[in-house]
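**Student:** Next up, final.cif (mmCIF, C-alpha atoms).
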data_run
loop_
_atom_site.group_PDB
_atom_site.id
_atom_site.type_symbol
_atom_site.label_atom_id
_atom_site.label_comp_id
_atom_site.auth_asym_id
_atom_site.auth_seq_id
_atom_site.Cartn_x
_atom_site.Cartn_y
_atom_site.Cartn_z
ATOM 1 C CA MET A 54 85.176 -117.859 -58.275
ATOM 2 C CA ASP A 55 83.294 -116.434 -55.313
ATOM 3 C CA VAL A 56 83.504 -112.948 -56.783
ATOM 4 C CA ILE A 57 82.133 -114.142 -60.129
ATOM 5 C CA LEU A 58 79.265 -115.995 -58.442
ATOM 6 C CA PHE A 59 78.474 -113.012 -56.249
ATOM 7 C CA PHE A 60 78.355 -110.574 -59.137
ATOM 8 C CA VAL A 61 76.328 -112.871 -61.396
ATOM 9 C CA PHE A 62 73.645 -113.419 -58.778
ATOM 10 C CA ALA A 63 73.746 -109.865 -57.439
ATOM 11 C CA ILE A 64 73.119 -108.546 -60.952
ATOM 12 C CA ILE A 65 70.294 -111.057 -61.449
ATOM 13 C CA ALA A 66 68.767 -109.942 -58.141
ATOM 14 C CA VAL A 67 68.992 -106.226 -58.957
ATOM 15 C CA VAL A 68 67.630 -106.639 -62.499
ATOM 16 C CA CYS A 69 64.728 -108.749 -61.237
ATOM 17 C CA ALA A 70 64.034 -106.222 -58.449
ATOM 18 C CA ILE A 71 63.934 -103.370 -60.986
ATOM 19 C CA ASN A 72 61.607 -105.547 -63.041
ATOM 20 C CA VAL A 73 59.321 -106.000 -60.016
ATOM 21 C CA VAL A 74 58.959 -102.239 -59.752
ATOM 22 C CA VAL A 75 58.600 -101.278 -63.427
ATOM 23 C CA GLN A 76 56.419 -104.096 -64.791
ATOM 24 C CA THR A 77 52.780 -103.122 -65.096
ATOM 25 C CA HIS A 78 51.268 -106.590 -64.941
ATOM 26 C CA PRO A 79 51.208 -108.224 -61.474
ATOM 27 C CA ILE A 80 52.117 -111.673 -62.847
ATOM 28 C CA SER A 81 55.339 -110.297 -64.359
ATOM 29 C CA SER A 82 56.180 -108.672 -61.028
ATOM 30 C CA ALA A 83 55.547 -111.941 -59.180
ATOM 31 C CA ILE A 84 57.787 -113.971 -61.514
ATOM 32 C CA SER A 85 60.535 -111.363 -61.161
ATOM 33 C CA LEU A 86 60.209 -111.539 -57.389
ATOM 34 C CA VAL A 87 60.788 -115.307 -57.590
ATOM 35 C CA GLY A 88 64.029 -114.493 -59.452
ATOM 36 C CA VAL A 89 65.122 -112.140 -56.658
ATOM 37 C CA MET A 90 64.419 -114.764 -54.018
ATOM 38 C CA GLY A 91 66.237 -117.515 -55.900
ATOM 39 C CA SER A 92 69.382 -115.453 -56.375
ATOM 40 C CA LEU A 93 69.254 -114.378 -52.725
ATOM 41 C CA ALA A 94 69.178 -118.069 -51.783
ATOM 42 C CA VAL A 95 72.455 -118.548 -53.684
ATOM 43 C CA LEU A 96 73.976 -115.589 -51.820
ATOM 44 C CA TYR A 97 72.864 -117.148 -48.515
ATOM 45 C CA LEU A 98 74.755 -120.299 -49.490
ATOM 46 C CA LEU A 99 77.821 -118.164 -50.193
ATOM 47 C CA LEU A 100 77.498 -116.720 -46.679
ATOM 48 C CA GLY A 101 77.267 -120.184 -45.133
ATOM 49 C CA ALA A 102 73.554 -120.081 -44.301
ATOM 50 C CA GLU A 103 72.518 -123.451 -45.691
ATOM 51 C CA PHE A 104 69.319 -123.805 -43.695
ATOM 52 C CA LEU A 105 68.181 -120.306 -44.605
ATOM 53 C CA ALA A 106 68.897 -120.899 -48.295
ATOM 54 C CA ALA A 107 66.681 -123.982 -48.244
ATOM 55 C CA ALA A 108 63.997 -122.160 -46.248
ATOM 56 C CA GLN A 109 64.162 -119.230 -48.652
ATOM 57 C CA VAL A 110 63.435 -121.456 -51.627
ATOM 58 C CA ILE A 111 60.775 -123.516 -49.870
ATOM 59 C CA VAL A 112 58.940 -120.833 -47.898
ATOM 60 C CA TYR A 113 59.373 -117.703 -50.009
ATOM 61 C CA ALA A 114 59.743 -118.871 -53.595
ATOM 62 C CA GLY A 115 57.509 -121.858 -52.962
ATOM 63 C CA ALA A 116 54.726 -121.060 -50.543
ATOM 64 C CA ILE A 117 54.387 -117.282 -50.416
ATOM 65 C CA MET A 118 54.800 -116.636 -54.128
ATOM 66 C CA VAL A 119 52.371 -119.424 -55.011
ATOM 67 C CA LEU A 120 49.894 -117.665 -52.712
ATOM 68 C CA PHE A 121 50.526 -114.383 -54.544
ATOM 69 C CA VAL A 122 50.119 -115.925 -57.996
ATOM 70 C CA PHE A 123 47.003 -117.719 -56.786
ATOM 71 C CA VAL A 124 45.409 -114.460 -55.641
ATOM 72 C CA ILE A 125 46.420 -112.638 -58.844
ATOM 73 C CA MET A 126 44.851 -115.390 -60.952
ATOM 74 C CA LEU A 127 41.758 -115.536 -58.718
ATOM 75 C CA LEU A 128 41.120 -111.802 -58.920
ATOM 76 C CA ASN A 129 42.038 -111.687 -62.624
ATOM 77 C CA ALA A 130 44.172 -108.630 -61.928
ATOM 78 C CA GLY A 131 44.920 -106.819 -65.135
ATOM 79 C CA THR A 132 47.502 -104.312 -66.239
ATOM 80 C CA GLU A 133 47.904 -101.283 -64.046
ATOM 81 C CA LYS A 134 46.709 -98.021 -65.514
ATOM 82 C CA LYS A 135 49.426 -95.549 -66.399
ATOM 83 C CA GLU A 136 48.934 -92.231 -64.731
ATOM 84 C CA GLY A 137 50.881 -89.036 -65.107
ATOM 85 C CA LYS A 138 53.492 -88.678 -62.424
ATOM 86 C CA SER A 139 54.459 -85.197 -61.360
ATOM 87 C CA LEU A 140 57.377 -83.493 -63.051
ATOM 88 C CA VAL A 141 59.381 -83.410 -59.820
ATOM 89 C CA VAL A 142 59.164 -87.184 -59.488
ATOM 90 C CA GLN A 143 60.161 -87.765 -63.120
ATOM 91 C CA LEU A 144 63.157 -85.448 -62.933
ATOM 92 C CA LEU A 145 64.429 -86.061 -59.418
ATOM 93 C CA GLY A 146 63.375 -89.602 -58.537
ATOM 94 C CA VAL A 147 66.127 -91.678 -60.123
ATOM 95 C CA PRO A 148 69.006 -89.224 -59.402
ATOM 96 C CA LEU A 149 67.973 -88.955 -55.750
ATOM 97 C CA LEU A 150 67.769 -92.748 -55.479
ATOM 98 C CA VAL A 151 71.242 -93.158 -56.995
ATOM 99 C CA ALA A 152 72.673 -90.430 -54.758
ATOM 100 C CA PHE A 153 71.161 -92.009 -51.647
ATOM 101 C CA LEU A 154 72.549 -95.422 -52.570
ATOM 102 C CA GLY A 155 75.954 -93.891 -53.291
ATOM 103 C CA ILE A 156 76.052 -92.342 -49.824
ATOM 104 C CA VAL A 157 75.006 -95.646 -48.247
ATOM 105 C CA ALA A 158 77.659 -97.550 -50.216
ATOM 106 C CA PHE A 159 80.324 -95.015 -49.214
ATOM 107 C CA PHE A 160 79.591 -95.302 -45.504
ATOM 108 C CA VAL A 161 79.320 -99.085 -45.677
ATOM 109 C CA GLN A 162 82.740 -99.228 -47.340
ATOM 110 C CA ARG A 163 84.164 -96.996 -44.629
ATOM 111 C CA VAL A 164 82.690 -98.850 -41.680
ATOM 112 C CA PHE A 165 83.299 -102.448 -42.797
ATOM 113 C CA PRO A 166 86.530 -102.350 -44.766
ATOM 114 C CA THR A 167 88.197 -105.552 -43.682
ATOM 115 C CA THR A 168 85.796 -108.471 -43.411
ATOM 116 C CA MET A 169 86.089 -110.654 -46.507
ATOM 117 C CA VAL A 170 83.458 -113.246 -47.358
ATOM 118 C CA HIS A 171 84.508 -116.518 -48.900
ATOM 119 C CA PHE A 172 82.614 -119.764 -49.351
ATOM 120 C CA GLY A 173 83.183 -122.033 -46.361
ATOM 121 C CA GLY A 174 84.213 -119.209 -44.060
ATOM 122 C CA PHE A 175 81.126 -119.658 -41.907
ATOM 123 C CA THR A 176 80.146 -123.197 -40.995
ATOM 124 C CA GLY A 177 77.562 -122.659 -38.265
ATOM 125 C CA GLY A 178 74.484 -122.282 -40.458
ATOM 126 C CA GLY A 179 73.430 -125.878 -40.929
ATOM 127 C CA VAL A 180 70.226 -127.508 -39.722
ATOM 128 C CA HIS A 181 71.917 -128.922 -36.611
ATOM 129 C CA GLU A 182 73.216 -125.592 -35.313
ATOM 130 C CA ILE A 183 69.971 -123.748 -36.117
ATOM 131 C CA GLY A 184 67.953 -126.450 -34.396
ATOM 132 C CA MET A 185 70.134 -126.455 -31.287
ATOM 133 C CA ALA A 186 69.811 -122.678 -30.977
ATOM 134 C CA LEU A 187 66.106 -122.619 -31.810
ATOM 135 C CA PHE A 188 65.117 -125.246 -29.252
ATOM 136 C CA GLY A 189 67.672 -124.110 -26.671
ATOM 137 C CA PRO A 190 68.073 -120.435 -25.823
ATOM 138 C CA TYR A 191 65.455 -119.276 -28.344
ATOM 139 C CA LEU A 192 62.636 -121.601 -27.324
ATOM 140 C CA LEU A 193 60.334 -118.830 -26.073
ATOM 141 C CA PRO A 194 60.408 -116.780 -29.334
ATOM 142 C CA PHE A 195 59.804 -120.004 -31.242
ATOM 143 C CA GLU A 196 56.691 -120.786 -29.204
ATOM 144 C CA VAL A 197 55.451 -117.192 -29.495
ATOM 145 C CA THR A 198 55.845 -117.578 -33.268
ATOM 146 C CA SER A 199 53.516 -120.562 -33.225
ATOM 147 C CA ILE A 200 50.875 -118.474 -31.451
ATOM 148 C CA LEU A 201 51.368 -115.745 -34.068
ATOM 149 C CA ILE A 202 50.769 -118.243 -36.862
ATOM 150 C CA LEU A 203 47.647 -119.533 -35.090
ATOM 151 C CA ILE A 204 46.285 -115.980 -34.880
ATOM 152 C CA ALA A 205 47.136 -115.405 -38.552
ATOM 153 C CA ILE A 206 45.251 -118.551 -39.566
ATOM 154 C CA LEU A 207 42.199 -117.452 -37.580
ATOM 155 C CA GLY A 208 42.382 -113.942 -39.033
ATOM 156 C CA ALA A 209 42.658 -115.197 -42.591
ATOM 157 C CA ILE A 210 39.681 -117.522 -42.135
ATOM 158 C CA VAL A 211 37.536 -114.792 -40.552
ATOM 159 C CA LEU A 212 38.441 -112.279 -43.268
ATOM 160 C CA ALA A 213 37.904 -114.676 -46.135
ATOM 161 C CA ARG A 214 34.479 -115.975 -45.102
ATOM 162 C CA LYS A 215 33.003 -112.725 -43.776
ATOM 163 C CA GLU A 216 30.733 -111.461 -46.529
ATOM 164 C CA MET A 217 30.345 -114.641 -48.507
ATOM 165 C CA ASP A 218 26.628 -114.755 -47.686
ATOM 166 C CA MET B 283 91.847 -111.826 -54.365
ATOM 167 C CA LEU B 284 89.296 -113.321 -56.714
ATOM 168 C CA ALA B 285 88.228 -115.802 -54.062
ATOM 169 C CA GLU B 286 86.909 -113.299 -51.525
ATOM 170 C CA VAL B 287 84.064 -110.808 -51.654
ATOM 171 C CA PRO B 288 84.123 -107.779 -49.330
ATOM 172 C CA MET B 289 81.286 -107.814 -46.855
ATOM 173 C CA SER B 290 80.329 -104.266 -47.838
ATOM 174 C CA TYR B 291 79.231 -105.536 -51.274
ATOM 175 C CA PHE B 292 76.557 -107.658 -49.625
ATOM 176 C CA LEU B 293 75.362 -104.726 -47.514
ATOM 177 C CA THR B 294 75.276 -102.461 -50.575
ATOM 178 C CA LEU B 295 73.242 -105.041 -52.475
ATOM 179 C CA SER B 296 70.879 -105.191 -49.525
ATOM 180 C CA ALA B 297 70.527 -101.393 -49.583
ATOM 181 C CA ILE B 298 69.833 -101.414 -53.332
ATOM 182 C CA LEU B 299 67.109 -104.049 -52.960
ATOM 183 C CA PHE B 300 65.572 -102.205 -50.012
ATOM 184 C CA ALA B 301 65.525 -98.907 -51.916
ATOM 185 C CA LEU B 302 63.864 -100.600 -54.894
ATOM 186 C CA GLY B 303 61.276 -102.038 -52.517
ATOM 187 C CA VAL B 304 60.591 -98.587 -51.092
ATOM 188 C CA ALA B 305 60.267 -97.168 -54.618
ATOM 189 C CA GLY B 306 57.778 -99.871 -55.578
ATOM 190 C CA PHE B 307 55.855 -99.356 -52.345
ATOM 191 C CA LEU B 308 55.529 -95.619 -52.973
ATOM 192 C CA PHE B 309 54.981 -95.451 -56.725
ATOM 193 C CA ARG B 310 52.880 -98.452 -57.642
ATOM 194 C CA ARG B 311 49.094 -98.264 -57.678
ATOM 195 C CA SER B 312 48.134 -101.945 -57.650
ATOM 196 C CA VAL B 313 47.700 -103.167 -54.092
ATOM 197 C CA ILE B 314 49.174 -106.588 -54.952
ATOM 198 C CA THR B 315 52.364 -105.023 -56.304
ATOM 199 C CA VAL B 316 52.647 -102.825 -53.222
ATOM 200 C CA PHE B 317 52.444 -106.005 -51.174
ATOM 201 C CA MET B 318 55.171 -107.636 -53.261
ATOM 202 C CA SER B 319 57.379 -104.591 -52.667
ATOM 203 C CA ILE B 320 57.030 -105.183 -48.929
ATOM 204 C CA GLU B 321 58.248 -108.747 -49.442
ATOM 205 C CA LEU B 322 61.209 -107.361 -51.402
ATOM 206 C CA MET B 323 62.124 -105.103 -48.477
ATOM 207 C CA LEU B 324 61.905 -107.999 -46.024
ATOM 208 C CA ASN B 325 64.243 -110.035 -48.242
ATOM 209 C CA ALA B 326 66.757 -107.192 -48.350
ATOM 210 C CA VAL B 327 66.771 -106.953 -44.560
ATOM 211 C CA ASN B 328 67.257 -110.718 -44.324
ATOM 212 C CA LEU B 329 70.377 -110.447 -46.479
ATOM 213 C CA SER B 330 71.753 -107.835 -44.065
ATOM 214 C CA PHE B 331 71.040 -110.093 -41.080
ATOM 215 C CA VAL B 332 72.866 -113.039 -42.619
ATOM 216 C CA THR B 333 75.813 -110.844 -43.650
ATOM 217 C CA PHE B 334 76.230 -109.461 -40.133
ATOM 218 C CA SER B 335 75.949 -112.986 -38.779
ATOM 219 C CA TYR B 336 78.937 -113.911 -40.958
ATOM 220 C CA HIS B 337 80.786 -110.827 -39.740
ATOM 221 C CA HIS B 338 80.314 -111.620 -36.057
ATOM 222 C CA GLY B 339 80.548 -115.376 -36.271
ATOM 223 C CA GLY B 340 83.391 -116.324 -38.546
ATOM 224 C CA ALA B 341 84.474 -119.859 -37.795
ATOM 225 C CA THR B 342 83.678 -119.665 -34.092
ATOM 226 C CA HIS B 343 80.065 -120.946 -34.359
ATOM 227 C CA GLN B 344 78.878 -117.987 -32.302
ATOM 228 C CA GLY B 345 77.190 -115.772 -34.859
ATOM 229 C CA ILE B 346 73.990 -117.743 -35.325
ATOM 230 C CA GLU B 347 71.645 -115.003 -34.064
ATOM 231 C CA GLY B 348 71.385 -113.309 -37.442
ATOM 232 C CA HIS B 349 70.210 -116.560 -38.995
ATOM 233 C CA LEU B 350 67.555 -116.950 -36.309
ATOM 234 C CA PHE B 351 66.333 -113.396 -36.829
ATOM 235 C CA ALA B 352 66.116 -114.013 -40.576
ATOM 236 C CA PHE B 353 64.176 -117.213 -39.859
ATOM 237 C CA PHE B 354 61.685 -115.337 -37.671
ATOM 238 C CA VAL B 355 61.357 -112.642 -40.340
ATOM 239 C CA MET B 356 60.450 -115.382 -42.820
ATOM 240 C CA VAL B 357 57.801 -116.777 -40.465
ATOM 241 C CA VAL B 358 56.285 -113.342 -39.871
ATOM 242 C CA ALA B 359 56.334 -112.659 -43.625
ATOM 243 C CA ALA B 360 54.429 -115.876 -44.263
ATOM 244 C CA ALA B 361 51.781 -114.979 -41.661
ATOM 245 C CA GLU B 362 51.596 -111.441 -43.031
ATOM 246 C CA ALA B 363 51.149 -112.686 -46.596
ATOM 247 C CA ALA B 364 48.268 -114.944 -45.560
ATOM 248 C CA VAL B 365 46.400 -112.190 -43.680
ATOM 249 C CA GLY B 366 47.217 -109.475 -46.220
ATOM 250 C CA LEU B 367 46.037 -111.493 -49.190
ATOM 251 C CA ALA B 368 42.838 -112.313 -47.321
ATOM 252 C CA ILE B 369 42.328 -108.578 -46.801
ATOM 253 C CA ILE B 370 42.971 -107.967 -50.533
ATOM 254 C CA LEU B 371 40.390 -110.632 -51.414
ATOM 255 C CA THR B 372 37.824 -109.004 -49.116
ATOM 256 C CA ILE B 373 38.503 -105.541 -50.556
ATOM 257 C CA PHE B 374 38.126 -106.844 -54.091
ATOM 258 C CA LYS B 375 34.861 -108.601 -53.259
ATOM 259 C CA ASN B 376 33.430 -105.438 -51.736
ATOM 260 C CA ARG B 377 34.751 -102.812 -54.155
ATOM 261 C CA GLN B 378 35.743 -104.597 -57.397
ATOM 262 C CA THR B 379 39.003 -102.658 -57.605
ATOM 263 C CA LEU B 380 42.667 -103.198 -56.786
ATOM 264 C CA ASN B 381 43.743 -99.586 -57.264
ATOM 265 C CA ILE B 382 44.821 -98.129 -53.931
ATOM 266 C CA ASP B 383 43.731 -94.665 -55.027
ATOM 267 C CA ASP B 384 40.131 -95.902 -55.078
ATOM 268 C CA ILE B 385 40.301 -97.365 -51.571
ATOM 269 C CA GLU B 386 40.012 -94.306 -49.412
ATOM 270 C CA SER B 387 37.288 -94.947 -46.858
ATOM 271 C CA MET B 388 39.743 -94.373 -43.995
ATOM 272 C CA LYS B 389 40.659 -90.945 -45.359
ATOM 273 C CA ASN B 390 39.387 -87.937 -43.338
#
Could you spell out this file's structure in structure tokens?

**Tutor:**
Amino acid sequence: MDVILFFVFAIIAVVCAINVVVQTHPISSAISLVGVMGSLAVLYLLLGAEFLAAAQVIVYAGAIMVLFVFVIMLLNAGTEKKEGKSLVVQLLGVPLLVAFLGIVAFFVQRVFPTTMVHFGGFTGGGVHEIGMALFGPYLLPFEVTSILILIAILGAIVLARKEMD
Amino acid sequence: MLAEVPMSYFLTLSAILFALGVAGFLFRRSVITVFMSIELMLNAVNLSFVTFSYHHGGATHQGIEGHLFAFFVMVVAAAEAAVGLAIILTIFKNRQTLNIDDIESMKN
């Protein structure tokens, strides 16, 4: 059952990721990216990361992608113009990509041959454990993150209102 | 056998998604799509973090660091998306284009 679930959602993720790259309209890319993030959330659940699966759906598929779609709609971004790619790219691009991924897959198989993932094999990814770690030994990075978000808010406001007048 | 997935499958999936993100980042011409490719790469790296957390943790409740790293990556991605989309808005207001080939004032 775990294998079937993994392959179903891995194939959905890969097809949606290919769709992100090959679609010419930004809205189609954004919707495909939501598909990638949703299937990755399912894979997080399979790995026992319940909190991260929920955060993935809420933060990524919810907040960030809504921001993307909002900007695409606001700018009325149209279809990307096709331009001629060089002959080298057309001939060698996909084979080189497949060869690179084959090499990566080979070494990954060699280095991590034994660890098997099954649902329920990792139980430390709930909200309680994440919270205890986040407000215990990782309190300083958490607080630094809040400063980062404050700076990002200020930067976004400054950038967005600069040449309005 | 059907109940367990090798960990290397997750890492290979992460590599595939990352490579597709790199391809989109290099080959696309719309600045919004380039930005979405960056998000795709961040997601792929997050999957690797969570997989290694499983590998090192098991049932011992020790391997939580990967989850925390993935959480911080999500926070940074959210901040980055806010600032980056504000930059895209400013560029579009000033130049009326989203094609990255037309935005070359930092060249030379």

**Student:** Output as a Markdown table one row per residue of chain B within 7 Å of chain A: the closest atom pair and its distance in Å to one decimal place, counting all atoms listed in the file, sorted by chain and residue number ascending.

**Tutor:**
| residue | atom | partner | partner_atom | distance |
| --- | --- | --- | --- | --- |
| B:Leu284 | CA | A:Val56 | CA | 5.8 |
| B:Ala285 | CA | A:Asp55 | CA | 5.1 |
| B:Glu286 | CA | A:His171 | CA | 4.8 |
| B:Val287 | CA | A:Val170 | CA | 5.0 |
| B:Pro288 | CA | A:Met169 | CA | 4.5 |
| B:Met289 | CA | A:Met169 | CA | 5.6 |
| B:Ser290 | CA | A:Gln162 | CA | 5.6 |
| B:Thr294 | CA | A:Ala158 | CA | 5.5 |
| B:Leu295 | CA | A:Ala63 | CA | 6.9 |
| B:Ala297 | CA | A:Leu154 | CA | 7.0 |
| B:Ile298 | CA | A:Leu154 | CA | 6.6 |
| B:Leu299 | CA | A:Val67 | CA | 6.7 |
| B:Leu302 | CA | A:Ala70 | CA | 6.7 |
| B:Gly306 | CA | A:Val74 | CA | 4.9 |
| B:Ser312 | CA | A:Glu133 | CA | 6.4 |
| B:Thr315 | CA | A:Pro79 | CA | 6.2 |
| B:Thr333 | CA | A:Leu100 | CA | 6.8 |
| B:Tyr336 | CA | A:Phe175 | CA | 6.2 |
| B:His337 | CA | A:Thr168 | CA | 6.6 |
| B:Gly340 | CA | A:Phe175 | CA | 5.2 |
| B:Ala341 | CA | A:Phe175 | CA | 5.3 |
| B:His343 | CA | A:Gly177 | CA | 4.9 |
| B:Ile346 | CA | A:Gly177 | CA | 6.8 |
| B:Phe353 | CA | A:Leu105 | CA | 6.9 |
| B:Ala360 | CA | A:Ile117 | CA | 6.3 |
| B:Ala361 | CA | A:Ala205 | CA | 5.6 |
| B:Ala363 | CA | A:Ile117 | CA | 6.8 |
| B:Ala364 | CA | A:Ala209 | CA | 6.4 |
| B:Val365 | CA | A:Ala209 | CA | 4.9 |
| B:Ala368 | CA | A:Ala209 | CA | 5.5 |
| B:Ile369 | CA | A:Leu212 | CA | 6.4 |
| B:Thr372 | CA | A:Ala213 | CA | 6.4 |

**Student:** Can you tell me how far CA of Ala301 in chain B sits from CA of Gln143 in chain A, in Å to one decimal?

**Tutor:**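 We find that CA of Ala301 in chain B and CA of Gln143 in chain A lie 16.7 Å from each other.
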
**Student:** Between CA of Asn381 in chain B and CA of Val316 in chain B, what is the distance, to one decimal in Å?

**Tutor:**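 Computed distance, CA of Asn381 in chain B to CA of Val316 in chain B, equals 10.3 Å.
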
**Student:** Suppose you want the space between CA of Phe331 in chain B and CA of Ile314 in chain B; what is it in Å?

**Tutor:**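 Going from CA of Phe331 in chain B over to CA of Ile314 in chain B covers 26.1 Å.
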
**Student:** Would you compute, for all listed atoms of range 295-310 of chain B, the axis-aligned bounding box grown by 5 Å on each side, and then report its centre and edge lengths in Å rounded to one decimal, as lines of an AutoDock Vina configuration file?

**Tutor:**
center_x = 63.1
center_y = -100.3
center_z = -53.6
size_x = 30.4
size_y = 19.7
size_z = 18.1
